[in-house]
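Colleague: Enclosed is the structure file my_file02.cif (mmCIF, C-alpha atoms, pLDDT in the B column; chains and numbers go by the auth columns).
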data_structure
#
loop_
_atom_site.group_PDB
_atom_site.id
_atom_site.type_symbol
_atom_site.label_atom_id
_atom_site.label_comp_id
_atom_site.label_asym_id
_atom_site.label_seq_id
_atom_site.Cartn_x
_atom_site.Cartn_y
_atom_site.Cartn_z
_atom_site.B_iso_or_equiv
_atom_site.auth_seq_id
_atom_site.auth_asym_id
ATOM 1 C CA MET A 1 155.173 -146.037 39.270 81.00 1 A
ATOM 2 C CA LYS A 2 153.001 -143.007 38.500 94.00 2 A
ATOM 3 C CA ASN A 3 149.683 -143.796 36.805 97.00 3 A
ATOM 4 C CA LEU A 4 147.011 -141.690 35.121 98.00 4 A
ATOM 5 C CA LEU A 5 143.467 -142.269 33.915 98.00 5 A
ATOM 6 C CA VAL A 6 142.152 -140.005 31.178 98.00 6 A
ATOM 7 C CA LEU A 7 138.391 -140.183 31.474 97.00 7 A
ATOM 8 C CA PHE A 8 135.365 -138.735 29.751 95.00 8 A
ATOM 9 C CA SER A 9 132.215 -139.891 31.539 86.00 9 A
ATOM 10 C CA PHE A 10 129.003 -138.119 30.693 73.00 10 A
ATOM 11 C CA HIS A 11 125.393 -139.292 30.906 69.00 11 A
ATOM 12 C CA HIS A 12 125.141 -141.637 33.881 61.00 12 A
ATOM 13 C CA LYS A 13 128.809 -141.604 34.969 75.00 13 A
ATOM 14 C CA ASN A 14 129.032 -145.328 34.167 86.00 14 A
ATOM 15 C CA THR A 15 132.653 -145.178 33.056 92.00 15 A
ATOM 16 C CA GLU A 16 133.577 -142.967 36.008 94.00 16 A
ATOM 17 C CA LYS A 17 132.458 -145.760 38.358 95.00 17 A
ATOM 18 C CA ILE A 18 134.889 -148.120 36.636 96.00 18 A
ATOM 19 C CA ALA A 19 137.666 -145.505 36.617 97.00 19 A
ATOM 20 C CA ASN A 20 137.276 -144.963 40.358 97.00 20 A
ATOM 21 C CA VAL A 21 137.939 -148.671 40.944 98.00 21 A
ATOM 22 C CA PHE A 22 140.993 -148.542 38.654 98.00 22 A
ATOM 23 C CA ALA A 23 142.265 -145.392 40.384 98.00 23 A
ATOM 24 C CA LYS A 24 142.075 -147.004 43.806 98.00 24 A
ATOM 25 C CA VAL A 25 143.893 -150.195 42.771 98.00 25 A
ATOM 26 C CA LEU A 26 146.493 -148.471 40.591 98.00 26 A
ATOM 27 C CA ASP A 27 146.919 -145.415 42.822 97.00 27 A
ATOM 28 C CA ALA A 28 146.160 -143.340 39.737 98.00 28 A
ATOM 29 C CA GLN A 29 145.051 -139.785 39.195 97.00 29 A
ATOM 30 C CA ILE A 30 141.915 -139.196 37.113 98.00 30 A
ATOM 31 C CA LYS A 31 141.783 -136.289 34.664 98.00 31 A
ATOM 32 C CA THR A 32 139.458 -135.312 31.858 97.00 32 A
ATOM 33 C CA PRO A 33 140.867 -134.837 28.347 97.00 33 A
ATOM 34 C CA ARG A 34 140.524 -131.060 28.814 96.00 34 A
ATOM 35 C CA GLN A 35 142.698 -131.172 31.952 97.00 35 A
ATOM 36 C CA ILE A 36 145.583 -132.883 30.177 97.00 36 A
ATOM 37 C CA ASN A 37 148.826 -131.035 29.618 95.00 37 A
ATOM 38 C CA LEU A 38 150.469 -133.054 26.835 95.00 38 A
ATOM 39 C CA GLU A 39 153.996 -132.556 28.198 92.00 39 A
ATOM 40 C CA GLU A 40 153.068 -134.047 31.588 92.00 40 A
ATOM 41 C CA LEU A 41 152.151 -137.389 30.031 94.00 41 A
ATOM 42 C CA GLN A 42 155.833 -138.310 29.949 92.00 42 A
ATOM 43 C CA ASP A 43 155.762 -138.401 33.771 94.00 43 A
ATOM 44 C CA TYR A 44 153.425 -141.412 33.870 96.00 44 A
ATOM 45 C CA SER A 45 154.366 -145.083 33.627 95.00 45 A
ATOM 46 C CA LEU A 46 150.878 -146.247 32.668 97.00 46 A
ATOM 47 C CA ILE A 47 147.986 -144.291 31.196 98.00 47 A
ATOM 48 C CA GLY A 48 144.418 -145.555 30.929 98.00 48 A
ATOM 49 C CA PHE A 49 142.134 -143.955 28.348 98.00 49 A
ATOM 50 C CA GLY A 50 138.386 -144.416 28.764 97.00 50 A
ATOM 51 C CA SER A 51 134.877 -143.214 28.039 95.00 51 A
ATOM 52 C CA GLY A 52 131.474 -144.537 27.215 89.00 52 A
ATOM 53 C CA ILE A 53 130.964 -145.912 23.731 88.00 53 A
ATOM 54 C CA TYR A 54 128.981 -143.668 21.388 85.00 54 A
ATOM 55 C CA ASP A 55 128.088 -144.883 17.894 81.00 55 A
ATOM 56 C CA GLU A 56 130.563 -147.771 18.231 85.00 56 A
ATOM 57 C CA LYS A 57 133.559 -145.693 19.370 91.00 57 A
ATOM 58 C CA HIS A 58 134.895 -143.714 22.323 94.00 58 A
ATOM 59 C CA HIS A 59 133.659 -140.181 22.904 94.00 59 A
ATOM 60 C CA LYS A 60 134.986 -137.618 20.411 97.00 60 A
ATOM 61 C CA THR A 61 136.665 -135.622 23.213 97.00 61 A
ATOM 62 C CA LEU A 62 138.908 -138.582 23.992 97.00 62 A
ATOM 63 C CA LEU A 63 139.562 -139.338 20.319 98.00 63 A
ATOM 64 C CA ASN A 64 140.457 -135.681 19.698 97.00 64 A
ATOM 65 C CA LEU A 65 142.974 -135.818 22.551 98.00 65 A
ATOM 66 C CA ALA A 66 144.502 -138.972 21.059 98.00 66 A
ATOM 67 C CA ASP A 67 144.992 -137.082 17.780 98.00 67 A
ATOM 68 C CA LYS A 68 146.969 -134.377 19.628 97.00 68 A
ATOM 69 C CA LEU A 69 149.249 -136.731 21.558 97.00 69 A
ATOM 70 C CA PRO A 70 152.934 -136.294 20.769 95.00 70 A
ATOM 71 C CA GLN A 71 154.866 -139.142 19.209 95.00 71 A
ATOM 72 C CA ILE A 72 156.552 -141.245 21.914 94.00 72 A
ATOM 73 C CA THR A 73 158.305 -144.581 22.301 90.00 73 A
ATOM 74 C CA ASN A 74 157.064 -147.536 24.312 87.00 74 A
ATOM 75 C CA LYS A 75 154.628 -145.753 26.650 94.00 75 A
ATOM 76 C CA LYS A 76 152.253 -148.281 28.221 97.00 76 A
ATOM 77 C CA ALA A 77 148.528 -147.650 28.003 98.00 77 A
ATOM 78 C CA PHE A 78 145.243 -149.436 28.431 98.00 78 A
ATOM 79 C CA ILE A 79 141.785 -148.731 27.084 98.00 79 A
ATOM 80 C CA PHE A 80 138.499 -148.981 28.951 97.00 80 A
ATOM 81 C CA SER A 81 134.837 -148.294 28.313 94.00 81 A
ATOM 82 C CA THR A 82 131.248 -148.931 29.262 92.00 82 A
ATOM 83 C CA SER A 83 128.616 -149.517 26.631 81.00 83 A
ATOM 84 C CA GLY A 84 125.096 -150.684 25.962 74.00 84 A
ATOM 85 C CA MET A 85 126.419 -153.733 24.131 66.00 85 A
ATOM 86 C CA THR A 86 129.641 -155.542 25.036 64.00 86 A
ATOM 87 C CA ARG A 87 129.940 -158.101 22.263 64.00 87 A
ATOM 88 C CA GLU A 88 131.810 -155.718 19.936 72.00 88 A
ATOM 89 C CA THR A 89 134.479 -154.416 22.324 78.00 89 A
ATOM 90 C CA ALA A 90 137.387 -154.903 19.910 83.00 90 A
ATOM 91 C CA LYS A 91 135.559 -152.972 17.203 88.00 91 A
ATOM 92 C CA ALA A 92 134.411 -150.234 19.606 92.00 92 A
ATOM 93 C CA HIS A 93 137.980 -149.752 20.864 96.00 93 A
ATOM 94 C CA SER A 94 139.612 -149.893 17.424 96.00 94 A
ATOM 95 C CA ALA A 95 139.598 -146.149 16.644 97.00 95 A
ATOM 96 C CA LEU A 96 141.233 -145.227 19.956 98.00 96 A
ATOM 97 C CA ARG A 97 143.607 -148.217 19.858 98.00 97 A
ATOM 98 C CA GLU A 98 144.806 -147.296 16.362 98.00 98 A
ATOM 99 C CA LYS A 99 145.353 -143.645 17.332 98.00 99 A
ATOM 100 C CA LEU A 100 147.330 -144.593 20.452 98.00 100 A
ATOM 101 C CA GLN A 101 149.447 -147.169 18.632 98.00 101 A
ATOM 102 C CA SER A 102 150.197 -144.707 15.828 97.00 102 A
ATOM 103 C CA LYS A 103 151.613 -142.341 18.482 97.00 103 A
ATOM 104 C CA GLY A 104 153.902 -145.044 19.914 97.00 104 A
ATOM 105 C CA TYR A 105 151.773 -146.311 22.802 97.00 105 A
ATOM 106 C CA ILE A 106 151.787 -150.009 23.669 97.00 106 A
ATOM 107 C CA VAL A 107 148.221 -150.998 24.507 97.00 107 A
ATOM 108 C CA VAL A 108 148.733 -153.643 27.188 97.00 108 A
ATOM 109 C CA ASP A 109 145.069 -154.516 27.832 96.00 109 A
ATOM 110 C CA GLU A 110 141.455 -153.456 27.352 96.00 110 A
ATOM 111 C CA PHE A 111 138.361 -153.495 29.561 96.00 111 A
ATOM 112 C CA ASN A 112 134.655 -153.081 28.802 94.00 112 A
ATOM 113 C CA CYS A 113 131.465 -153.714 30.689 91.00 113 A
ATOM 114 C CA LYS A 114 127.821 -152.859 30.229 77.00 114 A
ATOM 115 C CA GLY A 115 126.570 -149.451 31.273 65.00 115 A
ATOM 116 C CA PHE A 116 123.104 -148.001 31.798 53.00 116 A
ATOM 117 C CA ASN A 117 121.985 -146.543 28.478 60.00 117 A
ATOM 118 C CA THR A 118 119.114 -144.123 27.900 51.00 118 A
ATOM 119 C CA ASN A 119 120.217 -142.740 24.544 60.00 119 A
ATOM 120 C CA SER A 120 117.766 -142.152 21.730 57.00 120 A
ATOM 121 C CA PHE A 121 114.546 -144.181 21.870 48.00 121 A
ATOM 122 C CA LEU A 122 115.799 -146.168 24.873 49.00 122 A
ATOM 123 C CA LYS A 123 114.761 -143.377 27.206 53.00 123 A
ATOM 124 C CA LEU A 124 111.151 -143.999 26.159 53.00 124 A
ATOM 125 C CA ILE A 125 111.301 -147.553 27.519 55.00 125 A
ATOM 126 C CA GLY A 126 113.353 -146.820 30.655 54.00 126 A
ATOM 127 C CA GLY A 127 116.736 -147.556 29.121 51.00 127 A
ATOM 128 C CA MET A 128 118.767 -150.721 28.944 50.00 128 A
ATOM 129 C CA ASN A 129 121.222 -152.241 31.415 58.00 129 A
ATOM 130 C CA LYS A 130 119.641 -150.439 34.354 68.00 130 A
ATOM 131 C CA GLY A 131 121.867 -150.737 37.416 61.00 131 A
ATOM 132 C CA ARG A 132 125.018 -151.343 35.385 66.00 132 A
ATOM 133 C CA PRO A 133 127.834 -151.258 36.075 86.00 133 A
ATOM 134 C CA ASN A 134 126.821 -153.381 39.042 90.00 134 A
ATOM 135 C CA ALA A 135 128.791 -154.930 41.911 93.00 135 A
ATOM 136 C CA GLU A 136 129.932 -157.810 39.705 95.00 136 A
ATOM 137 C CA ASP A 137 131.153 -155.383 37.010 92.00 137 A
ATOM 138 C CA LEU A 138 133.078 -153.409 39.647 95.00 138 A
ATOM 139 C CA LYS A 139 134.616 -156.651 40.930 97.00 139 A
ATOM 140 C CA HIS A 140 135.732 -157.489 37.367 97.00 140 A
ATOM 141 C CA ALA A 141 137.201 -153.987 37.087 97.00 141 A
ATOM 142 C CA GLU A 142 139.127 -154.508 40.311 98.00 142 A
ATOM 143 C CA GLU A 143 140.453 -157.873 39.085 98.00 143 A
ATOM 144 C CA PHE A 144 141.453 -156.273 35.777 98.00 144 A
ATOM 145 C CA ALA A 145 143.356 -153.491 37.566 98.00 145 A
ATOM 146 C CA LEU A 146 145.042 -155.933 39.960 98.00 146 A
ATOM 147 C CA ASN A 147 146.157 -157.998 36.971 97.00 147 A
ATOM 148 C CA LEU A 148 147.537 -154.878 35.270 96.00 148 A
ATOM 149 C CA LYS A 149 149.411 -153.880 38.413 94.00 149 A
ATOM 150 C CA GLN A 150 150.856 -157.357 38.843 93.00 150 A
ATOM 151 C CA ASN A 151 152.024 -157.645 35.232 89.00 151 A
ATOM 152 C CA LEU A 152 153.650 -154.222 34.956 82.00 152 A
#
Before we go any further, please render this structure as C-alpha cells.
Modeller:
Amino acid sequence: MKNLLVLFSFHHKNTEKIANVFAKVLDAQIKTPRQINLEELQDYSLIGFGSGIYDEKHHKTLLNLADKLPQITNKKAFIFSTSGMTRETAKAHSALREKLQSKGYIVVDEFNCKGFNTNSFLKLIGGMNKGRPNAEDLKHAEEFALNLKQNL
C-alpha cells in the first residue's frame, strides 16, 4: 500500500508536526501541493490532504489543488488540519471535503487538533494555543493513523 500526504503548513508548522506522525505510521511520503504531479496520484492507495485552517477553511493552495484533481473512481482519502478552534471541524473541512468528493474521492476519516495561532490581533497578546500541537495531540494523531492503517 503506497500512501501520500499532501501538506501545506505555513506559520508555525503545526500541521507539519501532525503530518510527520501520520507519515511515520502510514509509511507515507509528504509533498506540498506544488510538488504534486496529478498523474502520479493514481499510484497511491490512500492520500491525506491537510493544512492549517484559515478563515474557516483549508489553505487556498490546497483548495486550488483539489480543483485541479482529475476525476477518479473510489480513491481513498482523509482530511486533516490544525486550527485555533476545534469545535467547528466539520464546517472547516467542508470546502475541501466537497471538492474531493466531487472528484470521486471517498473521504474515509478526518482529523483536527488545536494549533498555535498568532494571526491578526492574537500576536499582540502572545497568541492562542501556545505549545499546540502538544504531546497529547501527537498521541491522538498516532492513534488516528493506526486506526486508518488497521481499517484499510
Colleague: One decimal, in Å: what's the spacing between CA of Glu142 (chain A) and CA of Leu26 (chain A)?
Modeller: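 We find that CA of Glu142 (chain A) and CA of Leu26 (chain A) lie 9.5 Å from each other.
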Colleague: Find the distance between CA of Thr32 (chain A) and CA of Leu46 (chain A) and write it in Å to one decimal.
Modeller: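 Taking CA of Thr32 (chain A) as the start and CA of Leu46 (chain A) as the end point, the length is 15.8 Å.
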Colleague: With distances taken over only C-alpha atoms, which residue among A:Val21, A:Thr15, A:Leu5, A:Leu69 lies nearest Cys113 (chain A)?
Modeller: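 Looking only at the distances to Cys113 (chain A), the closest residue turns out to be A:Thr15.
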Colleague: Given the point (134.7, -153.1, 27.8) in the coordinates of this file, which residues lie within 9 Å, counting only C-alpha atoms, and how would they look as a ChimeraX atom specification?
Modeller: /A:79-83,86-90,92-93,110-114
Colleague: Go ahead and save the residues from that selection, with C-alpha atoms, as a short mmCIF file (atom, residue, chain, number, x, y, z; two decimals), in the frame of the given file.
Modeller:
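The resulting file, again02.cif, is shown below:
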data_model
loop_
_atom_site.label_atom_id
_atom_site.label_comp_id
_atom_site.auth_asym_id
_atom_site.auth_seq_id
_atom_site.Cartn_x
_atom_site.Cartn_y
_atom_site.Cartn_z
CA ILE A 79 141.78 -148.73 27.08
CA PHE A 80 138.50 -148.98 28.95
CA SER A 81 134.84 -148.29 28.31
CA THR A 82 131.25 -148.93 29.26
CA SER A 83 128.62 -149.52 26.63
CA THR A 86 129.64 -155.54 25.04
CA ARG A 87 129.94 -158.10 22.26
CA GLU A 88 131.81 -155.72 19.94
CA THR A 89 134.48 -154.42 22.32
CA ALA A 90 137.39 -154.90 19.91
CA ALA A 92 134.41 -150.23 19.61
CA HIS A 93 137.98 -149.75 20.86
CA GLU A 110 141.46 -153.46 27.35
CA PHE A 111 138.36 -153.50 29.56
CA ASN A 112 134.66 -153.08 28.80
CA CYS A 113 131.46 -153.71 30.69
CA LYS A 114 127.82 -152.86 30.23
#
Colleague: Can you list what the PyMOL selection byres ((chain A and resi 75) around 8) grabs from this structure, as a list in words?
Modeller: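 This file gives the following for the PyMOL selection byres ((chain A and resi 75) around 8): Ser45, Leu46, Ile72, Thr73, Asn74, Lys76, Ala77, Gly104, Tyr105 and Ile106 of chain A.
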Colleague: Between A:Ile18, A:Leu65, A:Lys2, A:Leu148, which one has atoms that come closest to Pro133 (chain A), using only C-alpha atoms?
Modeller: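 Checking each of A:Ile18, A:Leu65, A:Lys2, A:Leu148 against Pro133 (chain A), counting only C-alpha atoms, the winner is A:Ile18.
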Colleague: For CA of His59 (chain A) and CA of Ser9 (chain A), quote the distance in Å rounded to one decimal.
Modeller: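 For CA of His59 (chain A) relative to CA of Ser9 (chain A), the distance reads 8.8 Å.
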Colleague: With all atoms listed in the file as the atoms that count, which of A:Asp43, A:Asp67, A:Phe49, A:Leu4 lies nearest to Asp27 (chain A)?
Modeller: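 The shortest atom-to-atom distance to Asp27 (chain A) comes from A:Leu4.
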Colleague: Taking the file as I've supplied it (selection: the PyMOL selection byres ((chain A and resi 30) around 8)), which residues are included? Please answer as a list in words.
Modeller: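 Output from the PyMOL selection byres ((chain A and resi 30) around 8), applied to this file: Leu4, Leu5, Val6, Leu7, Ala19, Ala23, Ala28, Gln29, Lys31 and Thr32 of chain A.
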Colleague: Give the centre and edge lengths of an axis-aligned box, in Å to one decimal, that holds all listed atoms of region 90-108 of chain A with 4 Å on each side, as lines of an AutoDock Vina configuration file.
Modeller:
center_x = 144.2
center_y = -148.6
center_z = 21.5
size_x = 27.5
size_y = 20.6
size_z = 19.4
Colleague: Between A:Tyr54, A:Phe78, A:Phe22, A:Phe8, which is the closest to Ile36 (chain A) once you count all atoms listed in the file?
Modeller: A:Phe8
Colleague: Hey, which of A:Tyr44, A:Ser94, A:Ser102, A:Lys13 ends up closest to Met1 (chain A)? Count all atoms listed in the file.
Modeller: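 Selected residue with least distance to Met1 (chain A): A:Tyr44.
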Colleague: Which one is closest to Ala145 (chain A): A:Gln35, A:Pro70, A:Asn14, A:Gly48? Count only C-alpha atoms.
Modeller: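 Smallest separation from Ala145 (chain A) among the options: A:Gly48.
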Colleague: With the input short on atoms, add N, CA and C atoms back to region 29-53 of chain A and write it as a PDB file, keeping the file's coordinate frame.
Modeller:
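To be explicit, this is the file written out as out.pdb:
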ATOM      1  N   GLN A  29     145.801-141.027  39.294  1.00 97.00           N
ATOM      2  CA  GLN A  29     145.051-139.785  39.195  1.00 97.00           C
ATOM      3  C   GLN A  29     144.034-139.926  38.076  1.00 97.00           C
ATOM      4  N   ILE A  30     142.907-139.229  38.192  1.00 98.00           N
ATOM      5  CA  ILE A  30     141.915-139.196  37.113  1.00 98.00           C
ATOM      6  C   ILE A  30     141.823-137.762  36.611  1.00 98.00           C
ATOM      7  N   LYS A  31     141.934-137.607  35.292  1.00 98.00           N
ATOM      8  CA  LYS A  31     141.783-136.289  34.664  1.00 98.00           C
ATOM      9  C   LYS A  31     140.902-136.423  33.435  1.00 98.00           C
ATOM     10  N   THR A  32     140.227-135.348  33.101  1.00 97.00           N
ATOM     11  CA  THR A  32     139.458-135.312  31.858  1.00 97.00           C
ATOM     12  C   THR A  32     140.402-134.951  30.717  1.00 97.00           C
ATOM     13  N   PRO A  33     140.018-135.228  29.472  1.00 97.00           N
ATOM     14  CA  PRO A  33     140.867-134.837  28.347  1.00 97.00           C
ATOM     15  C   PRO A  33     141.212-133.339  28.349  1.00 97.00           C
ATOM     16  N   ARG A  34     140.280-132.514  28.799  1.00 96.00           N
ATOM     17  CA  ARG A  34     140.524-131.060  28.814  1.00 96.00           C
ATOM     18  C   ARG A  34     141.540-130.646  29.881  1.00 96.00           C
ATOM     19  N   GLN A  35     141.745-131.475  30.877  1.00 97.00           N
ATOM     20  CA  GLN A  35     142.698-131.172  31.952  1.00 97.00           C
ATOM     21  C   GLN A  35     144.120-131.636  31.626  1.00 97.00           C
ATOM     22  N   ILE A  36     144.288-132.302  30.516  1.00 97.00           N
ATOM     23  CA  ILE A  36     145.583-132.883  30.177  1.00 97.00           C
ATOM     24  C   ILE A  36     146.524-131.846  29.585  1.00 97.00           C
ATOM     25  N   ASN A  37     147.714-131.805  30.162  1.00 95.00           N
ATOM     26  CA  ASN A  37     148.826-131.035  29.618  1.00 95.00           C
ATOM     27  C   ASN A  37     149.687-132.084  28.910  1.00 95.00           C
ATOM     28  N   LEU A  38     149.808-132.002  27.606  1.00 95.00           N
ATOM     29  CA  LEU A  38     150.469-133.054  26.835  1.00 95.00           C
ATOM     30  C   LEU A  38     151.895-133.353  27.298  1.00 95.00           C
ATOM     31  N   GLU A  39     152.624-132.336  27.752  1.00 92.00           N
ATOM     32  CA  GLU A  39     153.996-132.556  28.198  1.00 92.00           C
ATOM     33  C   GLU A  39     154.052-133.419  29.460  1.00 92.00           C
ATOM     34  N   GLU A  40     153.054-133.304  30.329  1.00 92.00           N
ATOM     35  CA  GLU A  40     153.068-134.047  31.588  1.00 92.00           C
ATOM     36  C   GLU A  40     152.873-135.552  31.398  1.00 92.00           C
ATOM     37  N   LEU A  41     152.396-135.965  30.253  1.00 94.00           N
ATOM     38  CA  LEU A  41     152.151-137.389  30.031  1.00 94.00           C
ATOM     39  C   LEU A  41     153.423-138.213  30.125  1.00 94.00           C
ATOM     40  N   GLN A  42     154.550-137.595  29.849  1.00 92.00           N
ATOM     41  CA  GLN A  42     155.833-138.310  29.949  1.00 92.00           C
ATOM     42  C   GLN A  42     156.129-138.755  31.374  1.00 92.00           C
ATOM     43  N   ASP A  43     155.505-138.097  32.360  1.00 94.00           N
ATOM     44  CA  ASP A  43     155.762-138.401  33.771  1.00 94.00           C
ATOM     45  C   ASP A  43     155.091-139.685  34.247  1.00 94.00           C
ATOM     46  N   TYR A  44     154.213-140.259  33.441  1.00 96.00           N
ATOM     47  CA  TYR A  44     153.425-141.412  33.870  1.00 96.00           C
ATOM     48  C   TYR A  44     153.952-142.708  33.265  1.00 96.00           C
ATOM     49  N   SER A  45     153.934-143.757  34.081  1.00 95.00           N
ATOM     50  CA  SER A  45     154.366-145.083  33.627  1.00 95.00           C
ATOM     51  C   SER A  45     153.276-145.795  32.848  1.00 95.00           C
ATOM     52  N   LEU A  46     152.032-145.584  33.279  1.00 97.00           N
ATOM     53  CA  LEU A  46     150.878-146.247  32.668  1.00 97.00           C
ATOM     54  C   LEU A  46     149.746-145.239  32.574  1.00 97.00           C
ATOM     55  N   ILE A  47     149.110-145.203  31.400  1.00 98.00           N
ATOM     56  CA  ILE A  47     147.986-144.291  31.196  1.00 98.00           C
ATOM     57  C   ILE A  47     146.795-145.088  30.681  1.00 98.00           C
ATOM     58  N   GLY A  48     145.668-144.947  31.369  1.00 98.00           N
ATOM     59  CA  GLY A  48     144.418-145.555  30.929  1.00 98.00           C
ATOM     60  C   GLY A  48     143.562-144.505  30.244  1.00 98.00           C
ATOM     61  N   PHE A  49     142.990-144.865  29.113  1.00 98.00           N
ATOM     62  CA  PHE A  49     142.134-143.955  28.348  1.00 98.00           C
ATOM     63  C   PHE A  49     140.744-144.565  28.288  1.00 98.00           C
ATOM     64  N   GLY A  50     139.714-143.829  28.756  1.00 97.00           N
ATOM     65  CA  GLY A  50     138.386-144.416  28.764  1.00 97.00           C
ATOM     66  C   GLY A  50     137.242-143.430  28.645  1.00 97.00           C
ATOM     67  N   SER A  51     136.141-143.947  28.124  1.00 95.00           N
ATOM     68  CA  SER A  51     134.877-143.214  28.039  1.00 95.00           C
ATOM     69  C   SER A  51     133.780-144.220  27.753  1.00 95.00           C
ATOM     70  N   GLY A  52     132.564-143.716  27.712  1.00 89.00           N
ATOM     71  CA  GLY A  52     131.474-144.537  27.215  1.00 89.00           C
ATOM     72  C   GLY A  52     131.658-144.727  25.719  1.00 89.00           C
ATOM     73  N   ILE A  53     130.919-145.672  25.177  1.00 88.00           N
ATOM     74  CA  ILE A  53     130.964-145.912  23.731  1.00 88.00           C
ATOM     75  C   ILE A  53     129.746-145.242  23.102  1.00 88.00           C
TER      76      ILE A  53
END
